[in-house]
file model.csv (CSV, C-alpha atoms and all ligand atoms)
chain,number,residue,atom,x,y,z
F,1023,MET,CA,17.3,10.6,0.6
F,1024,ASN,CA,15.8,12.2,3.7
F,1025,LYS,CA,12.3,12.0,5.2
F,1026,THR,CA,11.1,15.3,3.7
F,1027,GLU,CA,11.7,14.3,0.1
F,1028,ALA,CA,9.0,12.1,-1.4
F,1029,TYR,CA,10.3,8.5,-2.2
F,1030,ILE,CA,7.3,7.7,-4.4
F,1031,VAL,CA,5.8,10.2,-6.7
F,1032,CYS,CA,2.9,9.4,-8.9
F,1033,GLN,CA,1.6,12.1,-11.3
F,1034,ASP,CA,-1.7,11.8,-13.1
F,1035,LEU,CA,-1.5,8.1,-13.5
F,1036,PHE,CA,-3.9,6.5,-15.9
F,1037,LYS,CA,-4.2,2.8,-16.6
F,1038,THR,CA,-6.4,1.4,-19.3
F,1039,TYR,CA,-6.9,-2.3,-19.9
F,1040,LYS,CA,-7.9,-3.2,-23.4
F,1041,GLY,CA,-10.4,-6.0,-23.3
F,1042,THR,CA,-11.8,-7.9,-26.2
F,1043,GLU,CA,-14.8,-5.6,-26.4
F,1044,LEU,CA,-14.4,-2.5,-24.2
F,1045,GLU,CA,-11.6,-0.7,-22.5
F,1046,VAL,CA,-11.5,-0.7,-18.7
F,1047,VAL,CA,-10.0,2.4,-17.1
F,1048,ALA,CA,-8.6,1.1,-13.9
F,1049,LEU,CA,-6.7,4.3,-12.8
F,1050,ARG,CA,-8.0,7.8,-13.8
F,1051,GLY,CA,-5.5,10.4,-12.8
F,1052,ILE,CA,-3.8,9.3,-9.5
F,1053,ASP,CA,-1.6,11.9,-7.9
F,1054,LEU,CA,0.2,10.4,-4.9
F,1055,GLU,CA,3.4,11.2,-3.0
F,1056,ILE,CA,4.7,8.8,-0.3
F,1057,MET,CA,7.7,9.7,1.9
F,1058,GLN,CA,10.6,7.4,2.7
F,1059,GLY,CA,9.8,5.3,5.7
F,1060,GLU,CA,6.1,6.1,5.6
F,1061,PHE,CA,3.4,3.4,6.2
F,1062,VAL,CA,0.5,4.0,3.9
F,1063,GLY,CA,-2.7,2.0,3.6
F,1064,ILE,CA,-4.9,1.9,0.5
F,1065,ILE,CA,-8.6,1.1,0.9
F,1066,GLY,CA,-11.4,0.9,-1.6
F,1067,TYR,CA,-14.1,-1.4,-2.9
F,1068,SER,CA,-13.3,-4.3,-5.1
F,1069,GLY,CA,-12.5,-3.2,-8.6
F,1070,SER,CA,-11.5,0.4,-7.6
F,1071,GLY,CA,-7.9,0.0,-8.9
F,1072,LYS,CA,-5.9,-0.9,-5.8
F,1073,THR,CA,-4.1,-3.9,-7.2
F,1074,THR,CA,-3.5,-2.0,-10.5
F,1075,LEU,CA,-1.8,0.8,-8.5
F,1076,LEU,CA,0.4,-1.7,-6.5
F,1077,ASN,CA,1.4,-3.4,-9.8
F,1078,VAL,CA,2.4,-0.1,-11.2
F,1079,LEU,CA,4.4,0.7,-8.1
F,1080,SER,CA,6.2,-2.6,-8.3
F,1081,GLY,CA,7.1,-2.2,-11.9
F,1082,LEU,CA,5.0,-5.3,-12.9
F,1083,ASP,CA,2.6,-3.2,-14.9
F,1084,LYS,CA,3.1,0.0,-17.0
F,1085,PRO,CA,0.6,2.8,-16.7
F,1086,SER,CA,-1.0,4.1,-19.9
F,1087,SER,CA,0.0,7.6,-19.1
F,1088,GLY,CA,1.4,9.7,-16.3
F,1089,GLN,CA,4.6,9.5,-14.3
F,1090,VAL,CA,5.9,7.2,-11.6
F,1091,ARG,CA,9.2,7.9,-9.8
F,1092,ILE,CA,10.5,5.7,-7.0
F,1093,GLY,CA,13.7,6.9,-5.4
F,1094,HIS,CA,15.8,8.1,-8.3
F,1095,ARG,CA,14.1,5.8,-10.8
F,1096,ASP,CA,11.6,6.9,-13.4
F,1097,LEU,CA,9.6,3.7,-13.9
F,1098,LEU,CA,8.3,4.7,-17.3
F,1099,ASN,CA,11.7,5.2,-18.8
F,1100,MET,CA,13.4,2.0,-17.7
F,1101,SER,CA,14.6,-0.9,-19.8
F,1102,GLU,CA,13.1,-4.3,-19.2
F,1103,SER,CA,16.3,-5.5,-17.6
F,1104,ASP,CA,16.5,-2.5,-15.3
F,1105,LEU,CA,12.9,-3.1,-14.3
F,1106,VAL,CA,13.7,-6.7,-13.4
F,1107,ALA,CA,16.6,-5.5,-11.3
F,1108,PHE,CA,14.4,-2.9,-9.7
F,1109,ARG,CA,11.8,-5.6,-8.7
F,1110,ARG,CA,14.5,-7.8,-7.4
F,1111,GLU,CA,16.5,-5.2,-5.4
F,1112,GLU,CA,14.1,-2.5,-4.4
F,1113,VAL,CA,10.7,-4.1,-3.9
F,1114,GLY,CA,9.4,-6.8,-1.6
F,1115,PHE,CA,5.9,-8.1,-2.1
F,1116,VAL,CA,3.4,-9.9,0.1
F,1117,TRP,CA,0.3,-11.4,-1.5
F,1118,GLN,CA,-3.1,-12.2,0.0
F,1119,SER,CA,-2.6,-15.9,0.2
F,1120,PRO,CA,0.2,-17.2,2.4
F,1121,ALA,CA,0.5,-20.2,0.0
F,1122,ARG,CA,1.7,-17.7,-2.7
F,1123,ASN,CA,4.3,-16.2,-0.4
F,1124,ILE,CA,6.0,-19.2,1.2
F,1125,LEU,CA,6.9,-22.7,0.2
F,1126,PRO,CA,5.3,-25.5,2.2
F,1127,TYR,CA,8.3,-27.8,2.2
F,1128,LEU,CA,10.7,-25.3,3.7
F,1129,LYS,CA,11.0,-24.3,7.3
F,1130,ALA,CA,10.2,-20.7,8.2
F,1131,VAL,CA,13.9,-19.8,8.4
F,1132,GLU,CA,14.6,-21.5,5.1
F,1133,ASN,CA,11.8,-19.6,3.4
F,1134,VAL,CA,13.4,-16.4,4.6
F,1135,GLU,CA,16.8,-17.5,3.4
F,1136,LEU,CA,15.7,-18.5,0.0
F,1137,PRO,CA,15.7,-15.0,-1.7
F,1138,MET,CA,19.2,-14.6,-0.3
F,1139,VAL,CA,20.3,-17.9,-1.8
F,1140,ILE,CA,19.1,-16.5,-5.1
F,1141,SER,CA,21.0,-13.2,-4.6
F,1142,GLY,CA,24.2,-15.1,-3.7
F,1143,GLN,CA,24.8,-14.4,0.0
F,1144,SER,CA,26.9,-16.6,2.1
F,1145,SER,CA,25.1,-19.1,4.3
F,1146,ALA,CA,26.3,-17.5,7.6
F,1147,ASP,CA,25.0,-14.1,6.4
F,1148,ARG,CA,21.7,-15.6,5.3
F,1149,ARG,CA,21.0,-17.4,8.6
F,1150,GLU,CA,21.9,-14.3,10.6
F,1151,ARG,CA,19.7,-12.0,8.5
F,1152,ALA,CA,16.8,-14.5,8.5
F,1153,MET,CA,16.9,-14.9,12.3
F,1154,ASP,CA,17.1,-11.1,12.8
F,1155,LEU,CA,14.0,-10.7,10.6
F,1156,LEU,CA,12.1,-13.5,12.3
F,1157,SER,CA,12.9,-12.1,15.8
F,1158,ALA,CA,11.8,-8.6,14.7
F,1159,LEU,CA,8.5,-10.2,13.7
F,1160,GLY,CA,8.2,-12.1,17.0
F,1161,LEU,CA,8.8,-15.5,15.3
F,1162,GLU,CA,12.2,-16.4,16.7
F,1163,ALA,CA,10.8,-19.5,18.5
F,1164,LYS,CA,9.0,-20.7,15.3
F,1165,ALA,CA,12.0,-20.5,13.0
F,1166,THR,CA,12.2,-24.2,12.5
F,1167,ARG,CA,8.6,-24.9,11.9
F,1168,TYR,CA,7.0,-25.7,8.6
F,1169,PRO,CA,4.3,-23.4,7.3
F,1170,ASP,CA,1.5,-25.9,8.1
F,1171,GLU,CA,2.7,-25.8,11.7
F,1172,LEU,CA,2.0,-22.0,11.8
F,1173,SER,CA,-1.2,-20.0,12.0
F,1174,GLY,CA,-2.4,-17.9,9.1
F,1175,GLY,CA,-1.1,-14.7,10.8
F,1176,GLU,CA,2.3,-16.3,11.5
F,1177,GLN,CA,2.6,-17.5,7.9
F,1178,GLN,CA,1.9,-13.9,6.8
F,1179,ARG,CA,4.6,-12.6,9.2
F,1180,VAL,CA,7.0,-15.1,7.7
F,1181,ALA,CA,6.0,-13.8,4.3
F,1182,ILE,CA,6.9,-10.3,5.5
F,1183,ALA,CA,10.3,-11.6,6.5
F,1184,VAL,CA,10.8,-13.3,3.1
F,1185,ALA,CA,9.8,-10.0,1.4
F,1186,LEU,CA,12.4,-8.1,3.4
F,1187,ALA,CA,15.2,-10.6,3.1
F,1188,ASN,CA,17.1,-8.7,0.4
F,1189,ARG,CA,16.7,-5.3,2.1
F,1190,PRO,CA,14.2,-3.7,-0.3
F,1191,GLY,CA,13.4,0.0,0.2
F,1192,LEU,CA,9.7,-0.6,-0.6
F,1193,LEU,CA,7.4,-3.3,0.8
F,1194,LEU,CA,4.1,-3.7,-1.0
F,1195,ALA,CA,1.3,-5.9,0.3
F,1196,ASP,CA,-1.9,-6.7,-1.5
F,1197,GLU,CA,-4.6,-7.6,1.0
F,1198,PRO,CA,-2.3,-9.5,3.3
F,1199,THR,CA,-5.1,-9.7,5.8
F,1200,GLY,CA,-7.7,-10.8,3.4
F,1201,GLU,CA,-7.9,-14.4,4.7
F,1202,LEU,CA,-7.5,-13.5,8.4
F,1203,ASP,CA,-9.8,-12.8,11.2
F,1204,THR,CA,-9.8,-9.3,12.9
F,1205,ARG,CA,-7.4,-10.1,15.7
F,1206,THR,CA,-4.9,-11.8,13.4
F,1207,ALA,CA,-5.2,-8.9,10.9
F,1208,ASP,CA,-4.2,-6.6,13.8
F,1209,ASP,CA,-1.1,-8.8,14.3
F,1210,VAL,CA,-0.1,-8.5,10.7
F,1211,LEU,CA,-0.6,-4.8,10.5
F,1212,LYS,CA,1.3,-4.4,13.7
F,1213,ALA,CA,4.1,-6.4,12.2
F,1214,LEU,CA,4.1,-4.2,9.1
F,1215,GLN,CA,4.2,-1.1,11.3
F,1216,ASP,CA,7.1,-2.6,13.3
F,1217,VAL,CA,9.2,-3.4,10.2
F,1218,CYS,CA,8.5,0.1,8.8
F,1219,VAL,CA,9.9,1.6,12.0
F,1220,ASP,CA,12.7,-0.9,12.7
F,1221,PHE,CA,14.1,-1.2,9.2
F,1222,GLY,CA,13.1,2.2,7.7
F,1223,VAL,CA,11.3,0.5,4.9
F,1224,THR,CA,8.4,2.3,3.1
F,1225,VAL,CA,5.3,0.2,3.3
F,1226,VAL,CA,2.2,0.3,1.1
F,1227,VAL,CA,-0.6,-2.1,2.1
F,1228,VAL,CA,-3.9,-2.6,0.3
F,1229,THR,CA,-6.6,-3.8,2.6
F,1230,HIS,CA,-10.3,-4.0,3.2
F,1231,TYR,CA,-9.7,-4.0,6.9
F,1232,SER,CA,-11.4,-1.1,8.6
F,1233,GLY,CA,-8.9,-1.1,11.5
F,1234,THR,CA,-6.0,-0.2,9.3
F,1235,SER,CA,-5.7,3.5,10.1
F,1236,ARG,CA,-4.8,2.6,13.7
F,1237,PHE,CA,-1.5,1.3,12.4
F,1238,THR,CA,-0.6,3.4,9.4
F,1239,ASP,CA,0.6,7.0,9.0
F,1240,ARG,CA,-2.3,7.5,6.6
F,1241,VAL,CA,-4.9,5.7,4.6
F,1242,VAL,CA,-5.6,6.6,1.0
F,1243,GLN,CA,-9.1,5.8,-0.2
F,1244,ILE,CA,-9.6,5.2,-3.9
F,1245,ARG,CA,-12.9,4.9,-5.8
F,1246,ASP,CA,-13.2,4.2,-9.5
F,1247,GLY,CA,-9.5,4.7,-10.0
F,1248,ARG,CA,-9.3,8.1,-8.3
F,1249,ILE,CA,-8.2,9.2,-4.9
F,1250,VAL,CA,-11.2,10.4,-2.9
F,1251,ALA,CA,-9.9,10.9,0.6
F,1252,GLU,CA,-7.1,10.4,3.1
F,1253,LEU,CA,-7.5,9.3,6.7
F,1254,VAL,CA,-4.8,10.4,9.1
F,1255,SER,CA,-4.6,9.1,12.6
F,1256,GLN,CA,-2.8,11.2,15.3
F,1257,ALA,CA,-2.5,11.0,19.0
F,1258,SER,CA,-5.2,13.2,20.6
F,1259,LYS,CA,-3.9,16.5,22.0
F,1260,ARG,CA,-5.9,16.0,25.2
F,1261,ARG,CA,-5.5,12.3,25.6
F,1262,PRO,CA,-2.1,11.3,24.0
F,1263,ASP,CA,-2.9,7.7,24.6
F,1264,GLN,CA,-5.8,7.9,22.2
F,1265,LEU,CA,-5.8,8.1,18.5
F,1266,VAL,CA,-8.0,10.5,16.6
F,1267,THR,CA,-8.6,9.8,12.9
F,1268,ARG,CA,-9.4,12.7,10.6
F,1269,GLU,CA,-10.7,12.3,7.1
F,1270,TYR,CA,-9.6,14.8,4.4
F,1271,LEU,CA,-10.8,15.1,0.9
F,1272,VAL,CA,-8.0,15.3,-1.7
F,1273,VAL,CA,-7.9,18.1,-4.3
F,1274,ASP,CA,-5.4,17.3,-7.0
F,1275,ARG,CA,-3.1,19.7,-8.9
F,1276,ALA,CA,-5.8,20.4,-11.5
F,1277,GLY,CA,-8.3,21.2,-8.8
F,1278,ARG,CA,-10.2,17.9,-9.3
F,1279,MET,CA,-11.7,16.2,-6.4
F,1280,GLN,CA,-14.3,13.5,-5.8
F,1281,LEU,CA,-17.2,14.0,-3.4
F,1282,PRO,CA,-17.7,11.2,-0.9
F,1283,LEU,CA,-20.9,9.2,-1.6
F,1284,ASP,CA,-22.6,10.6,1.5
F,1285,SER,CA,-21.9,14.2,0.5
F,1286,LEU,CA,-23.1,13.5,-3.0
F,1287,LYS,CA,-26.3,12.1,-1.5
F,1288,ALA,CA,-26.7,15.2,0.7
F,1289,LEU,CA,-26.2,17.4,-2.4
F,1290,GLY,CA,-29.1,15.5,-3.9
F,1291,THR,CA,-28.0,16.0,-7.5
F,1292,THR,CA,-25.3,15.6,-10.1
F,1293,GLY,CA,-24.6,18.1,-12.9
F,1294,ARG,CA,-24.6,21.9,-12.2
F,1295,VAL,CA,-23.9,23.2,-8.8
F,1296,ARG,CA,-23.2,26.7,-7.5
F,1297,ILE,CA,-20.2,27.4,-5.3
F,1298,ASP,CA,-20.3,30.0,-2.6
F,1299,ALA,CA,-16.7,30.4,-1.4
F,1300,ASP,CA,-15.0,32.6,1.2
F,1301,SER,CA,-11.7,32.2,2.9
F,1302,ASN,CA,-12.7,29.5,5.3
F,1303,GLN,CA,-15.6,27.6,3.7
F,1304,ILE,CA,-16.9,26.5,0.4
F,1305,VAL,CA,-20.6,25.7,0.0
F,1306,LEU,CA,-21.9,23.7,-2.9
F,1307,LYS,CA,-25.6,24.2,-3.7
F,1308,PRO,CA,-27.7,22.4,-6.4
F,1309,GLU,CA,-28.7,24.7,-9.3
F,1310,GLY,CA,-32.0,26.4,-8.6
F,1311,SER,CA,-31.8,26.0,-4.8
F,1312,ASP,CA,-31.4,29.8,-4.4
F,1313,SER,CA,-31.6,32.7,-6.8
G,1401,LIG,P1,-9.0,-3.9,-6.9
G,1401,LIG,O1,-7.7,-4.4,-6.6
G,1401,LIG,O2,-9.3,-2.6,-6.2
G,1401,LIG,O3,-10.1,-4.8,-6.7
G,1401,LIG,P2,-8.1,-3.9,-9.7
G,1401,LIG,O4,-7.0,-3.0,-9.7
G,1401,LIG,O5,-7.8,-5.4,-9.6
G,1401,LIG,O6,-9.1,-3.5,-8.5
G,1401,LIG,O7,-9.0,-3.7,-10.9
G,1401,LIG,C1,-9.5,-2.4,-11.4
G,1401,LIG,C2,-10.3,-2.5,-12.6
G,1401,LIG,O8,-9.5,-3.0,-13.7
G,1401,LIG,C3,-11.4,-3.5,-12.5
G,1401,LIG,O9,-12.6,-3.1,-13.2
G,1401,LIG,C4,-10.9,-4.8,-13.1
G,1401,LIG,O10,-11.9,-5.6,-13.7
G,1401,LIG,C5,-10.0,-4.2,-14.2
G,1401,LIG,N1,-8.8,-5.0,-14.5
G,1401,LIG,C6,-7.8,-5.4,-13.6
G,1401,LIG,N2,-6.9,-6.1,-14.2
G,1401,LIG,C7,-7.3,-6.3,-15.5
G,1401,LIG,C8,-6.7,-6.9,-16.6
G,1401,LIG,N3,-5.5,-7.6,-16.6
G,1401,LIG,N4,-7.4,-6.9,-17.8
G,1401,LIG,C9,-8.6,-6.2,-17.9
G,1401,LIG,N5,-9.1,-5.6,-16.9
G,1401,LIG,C10,-8.5,-5.6,-15.7
G,1402,MG,MG,-7.1,-6.3,-5.8
call {"tool": "encode", "arguments": {"input": "model.csv", "output": "structure tokens"}}
result
Amino acid sequence: MNKTEAYIVCQDLFKTYKGTELEVVALRGIDLEIMQGEFVGIIGYSGSGKTTLLNVLSGLDKPSSGQVRIGHRDLLNMSESDLVAFRREEVGFVWQSPARNILPYLKAVENVELPMVISGQSSADRRERAMDLLSALGLEAKATRYPDELSGGEQQRVAIAVALANRPGLLLADEPTGELDTRTADDVLKALQDVCVDFGVTVVVVTHYSGTSRFTDRVVQIRDGRIVAELVSQASKRRPDQLVTREYLVVDRAGRMQLPLDSLKALGTTGRVRIDADSNQIVLKPEGSDS
């Protein structure tokens, strides 16, 4: 697969959770394509559907409708045993809490080797791969430390190494910076950016952290289970050492889009609006604002 072909394709994804009383619609028509080797951030308020989306991408959860393809796999038409193999071989996962990612009674290097023990690799290969990963993450000197001898950011970097041990094509991280301060969050995002570049792995990270777009290729903002906007950071044309972040609204295949809350406020109304459109601009006006 090359860089111009999408590695992840989600089409009109819906996910409904059936509670005891009412249904919760966690995803309402997500269209998303992610290229191989891309580093994508997902931001959004709590309850907006971020974890649900990651769980669908990792094959842990099935959407209620829509399509998900990852590489050559159609996740909705896979047997349970193929899904288990997909999760084991193709996906690495980093959770918010370091305690969920690494075992306290194993040294950093042993934690990284553990998934390879399970997948049956020789001990020499395991050690070599584990040390390569730890070096790539700037942790070579900490390989023989136990988790409680490492900082929170270092523990999460070990967790990234653990997630990459079996060479997955996709690395998913659900708020890996949630328990870290800003500077340490930067370290973890930088580490994710590095592994994305060095190992060619596709990385999708859910985060609340506002500095994310400095590290990612783009950030997808979701609200109420829909994609609202994407933020893309690029080097400034005039000052290549500076990053410029542009925000784009996203119009899906069916022409649906969601206005950002500040535009909705500026519009001052919901319900009927008039559209004045020409080739380079579209103006929305509340009904009755002109004749
Ligand atoms: P986020 O990760 O953005 O905080 P989630 O994807 O966890 O959001 O949740 C999206 C919505 O789906 C929320 O309203 C949440 O309460 C609901 N939800 C998530 N998981 C379940 C579940 N297993 N059962 C019922 N409702 C759920
Ligand atoms: Mg969540």
call {"tool": "closest_atom_pairs", "arguments": {"input": "model.csv", "of": "chain F", "to": "ligand LIG 1401 (chain G)", "cutoff": "9 Å", "atoms": "all atoms listed in the file", "output": "tab-separated table"}}
result
residue	atom	partner	partner_atom	distance
F:Lys1037	CA	G:LIG1401	O8	8.4
F:Thr1038	CA	G:LIG1401	O8	7.8
F:Tyr1039	CA	G:LIG1401	C9	4.7
F:Lys1040	CA	G:LIG1401	C9	6.3
F:Gly1041	CA	G:LIG1401	C9	5.7
F:Glu1045	CA	G:LIG1401	C9	7.8
F:Val1046	CA	G:LIG1401	N5	5.7
F:Val1047	CA	G:LIG1401	O8	6.4
F:Ala1048	CA	G:LIG1401	C2	4.2
F:Leu1049	CA	G:LIG1401	C1	7.4
F:Ile1065	CA	G:LIG1401	O2	8.0
F:Gly1066	CA	G:LIG1401	O2	6.1
F:Tyr1067	CA	G:LIG1401	O2	5.9
F:Ser1068	CA	G:LIG1401	O3	3.6
F:Gly1069	CA	G:LIG1401	O6	3.4
F:Ser1070	CA	G:LIG1401	O2	4.0
F:Gly1071	CA	G:LIG1401	O4	3.2
F:Lys1072	CA	G:LIG1401	O2	3.8
F:Thr1073	CA	G:LIG1401	O1	3.7
F:Thr1074	CA	G:LIG1401	O4	3.7
F:Leu1075	CA	G:LIG1401	O4	6.6
F:Leu1076	CA	G:LIG1401	O4	8.2
F:Asn1077	CA	G:LIG1401	O4	8.4
F:Asp1196	CA	G:LIG1401	O1	8.1
F:Glu1197	CA	G:LIG1401	O1	8.8
F:Val1228	CA	G:LIG1401	O1	8.1
F:Ile1244	CA	G:LIG1401	O2	8.1
F:Arg1245	CA	G:LIG1401	O2	8.3
F:Asp1246	CA	G:LIG1401	C1	7.8
F:Gly1247	CA	G:LIG1401	C1	7.2
call {"tool": "atom_distance", "arguments": {"input": "model.csv", "atom1": "atom CA of Val1106 of chain F", "atom2": "atom CA of Arg1148 of chain F"}}
result
22.2 Å
call {"tool": "atom_distance", "arguments": {"input": "model.csv", "atom1": "atom CA of Arg1240 of chain F", "atom2": "atom CA of Glu1111 of chain F"}}
result
25.7 Å
call {"tool": "atom_distance", "arguments": {"input": "model.csv", "atom1": "atom CA of Ala1158 of chain F", "atom2": "atom CA of Gln1177 of chain F"}}
result
14.5 Å
call {"tool": "residues_around", "arguments": {"input": "model.csv", "residues": "Ser1080 of chain F", "least_positions_apart": "5", "cutoff": "10 Å", "atoms": "only C-alpha atoms", "output": "list in words"}}
result
Thr1074, Leu1075, Ile1092, Leu1097, Leu1105, Val1106, Phe1108, Arg1109, Arg1110, Glu1112, Val1113, Gly1114, Phe1115, Leu1192, Leu1193 and Leu1194 of chain F
call {"tool": "closest_residue", "arguments": {"input": "model.csv", "among": "F:Thr1199, F:Gln1243, F:Ser1235, F:Thr1229", "to": "ligand MG 1402 (chain G)", "atoms": "all atoms listed in the file"}}
result
F:Thr1229
call {"tool": "closest_residue", "arguments": {"input": "model.csv", "among": "F:Lys1259, F:Glu1150, F:Trp1117, F:Gln1280", "to": "ligand MG 1402 (chain G)", "atoms": "all atoms listed in the file"}}
result
F:Trp1117
call {"tool": "residues_around", "arguments": {"input": "model.csv", "residues": "Ala1121 of chain F", "least_positions_apart": "5", "cutoff": "10 Å", "atoms": "only C-alpha atoms", "output": "PyMOL selection string"}}
result
chain F and resi 1126+1169-1170+1174+1177-1178+1181
call {"tool": "residues_around", "arguments": {"input": "model.csv", "residues": "Gly1063 of chain F", "least_positions_apart": "2", "cutoff": "6 Å", "atoms": "only C-alpha atoms", "output": "PyMOL selection string"}}
result
chain F and resi 1226-1228+1241
call {"tool": "axis_aligned_box", "arguments": {"input": "model.csv", "around": "segment 1264-1268 of chain F", "padding_each_side": "6 Å", "output": "AutoDock Vina command-line options"}}
result
--center_x -7.6 --center_y 10.3 --center_z 16.4 --size_x 15.6 --size_y 16.8 --size_z 23.6
call {"tool": "closest_residue", "arguments": {"input": "model.csv", "among": "F:Gln1118, F:Arg1278, F:Val1254, F:Ala1288", "to": "ligand MG 1402 (chain G)", "atoms": "all atoms listed in the file"}}
result
F:Gln1118
call {"tool": "closest_residue", "arguments": {"input": "model.csv", "among": "F:Val1062, F:Ala1187, F:Met1057, F:Val1131", "to": "Val1031 of chain F", "atoms": "only C-alpha atoms"}}
result
F:Met1057
call {"tool": "closest_residue", "arguments": {"input": "model.csv", "among": "F:Thr1234, F:Pro1120, F:Gly1200, F:Thr1267", "to": "ligand MG 1402 (chain G)", "atoms": "only C-alpha atoms and all ligand atoms"}}
result
F:Gly1200
call {"tool": "residues_around", "arguments": {"input": "model.csv", "residues": "Gly1088 of chain F", "least_positions_apart": "5", "cutoff": "10 Å", "atoms": "all atoms listed in the file", "output": "list in words"}}
result
Cys1032, Gln1033, Asp1034, Leu1035, Phe1036, Lys1037, Arg1050, Gly1051, Ile1052, Asp1053 and Leu1098 of chain F
call {"tool": "residues_around", "arguments": {"input": "model.csv", "residues": "Ile1297 of chain F", "least_positions_apart": "4", "cutoff": "10 Å", "atoms": "only C-alpha atoms", "output": "PyMOL selection string"}}
result
chain F and resi 1304-1309
call {"tool": "write_last_selection", "arguments": {"input": "model.csv", "atoms": "C-alpha atoms", "output": "PDB file, in the coordinates of the input"}}
result
ATOM      1  CA  ILE F1304     -16.900  26.500   0.400  1.00  0.00           C
ATOM      2  CA  VAL F1305     -20.600  25.700   0.000  1.00  0.00           C
ATOM      3  CA  LEU F1306     -21.900  23.700  -2.900  1.00  0.00           C
ATOM      4  CA  LYS F1307     -25.600  24.200  -3.700  1.00  0.00           C
ATOM      5  CA  PRO F1308     -27.700  22.400  -6.400  1.00  0.00           C
ATOM      6  CA  GLU F1309     -28.700  24.700  -9.300  1.00  0.00           C
TER       7      GLU F1309
END
call {"tool": "closest_residue", "arguments": {"input": "model.csv", "among": "F:Asp1208, F:Glu1135, F:Ala1195, F:Glu1162", "to": "ligand MG 1402 (chain G)", "atoms": "only C-alpha atoms and all ligand atoms"}}
result
F:Ala1195
call {"tool": "build_atoms", "arguments": {"input": "model.csv", "residues": "segment 1107-1123 of chain F", "atoms": "N, CA and C atoms", "output": "short mmCIF file (atom, residue, chain, number, x, y, z; two decimals), keeping the file's coordinate frame"}}
result
data_model
loop_
_atom_site.label_atom_id
_atom_site.label_comp_id
_atom_site.auth_asym_id
_atom_site.auth_seq_id
_atom_site.Cartn_x
_atom_site.Cartn_y
_atom_site.Cartn_z
N ALA F 1107 15.71 -5.78 -12.39
CA ALA F 1107 16.60 -5.50 -11.30
C ALA F 1107 15.92 -4.68 -10.19
N PHE F 1108 15.12 -3.71 -10.61
CA PHE F 1108 14.40 -2.90 -9.70
C PHE F 1108 13.45 -3.78 -8.81
N ARG F 1109 12.73 -4.69 -9.47
CA ARG F 1109 11.80 -5.60 -8.70
C ARG F 1109 12.57 -6.49 -7.78
N ARG F 1110 13.75 -6.92 -8.19
CA ARG F 1110 14.50 -7.80 -7.40
C ARG F 1110 15.16 -7.13 -6.17
N GLU F 1111 15.66 -5.91 -6.42
CA GLU F 1111 16.50 -5.20 -5.40
C GLU F 1111 15.68 -4.26 -4.52
N GLU F 1112 14.68 -3.61 -5.13
CA GLU F 1112 14.10 -2.50 -4.40
C GLU F 1112 12.72 -2.80 -3.82
N VAL F 1113 12.07 -3.87 -4.32
CA VAL F 1113 10.70 -4.10 -3.90
C VAL F 1113 10.50 -5.49 -3.30
N GLY F 1114 9.83 -5.52 -2.14
CA GLY F 1114 9.40 -6.80 -1.60
C GLY F 1114 7.88 -6.84 -1.68
N PHE F 1115 7.33 -8.03 -1.91
CA PHE F 1115 5.90 -8.10 -2.10
C PHE F 1115 5.29 -9.21 -1.24
N VAL F 1116 4.15 -8.88 -0.64
CA VAL F 1116 3.40 -9.90 0.10
C VAL F 1116 2.02 -9.99 -0.49
N TRP F 1117 1.63 -11.19 -0.86
CA TRP F 1117 0.30 -11.40 -1.50
C TRP F 1117 -0.70 -11.81 -0.46
N GLN F 1118 -1.94 -11.83 -0.90
CA GLN F 1118 -3.10 -12.20 0.00
C GLN F 1118 -2.94 -13.55 0.60
N SER F 1119 -2.60 -14.50 -0.27
CA SER F 1119 -2.60 -15.90 0.20
C SER F 1119 -1.25 -16.32 0.67
N PRO F 1120 -1.14 -16.79 1.94
CA PRO F 1120 0.20 -17.20 2.40
C PRO F 1120 0.80 -18.26 1.50
N ALA F 1121 -0.04 -19.10 0.88
CA ALA F 1121 0.50 -20.20 0.00
C ALA F 1121 1.28 -19.59 -1.17
N ARG F 1122 0.98 -18.34 -1.54
CA ARG F 1122 1.70 -17.70 -2.70
C ARG F 1122 3.02 -17.12 -2.21
N ASN F 1123 3.14 -16.89 -0.89
CA ASN F 1123 4.30 -16.20 -0.40
C ASN F 1123 5.42 -17.11 0.11
#
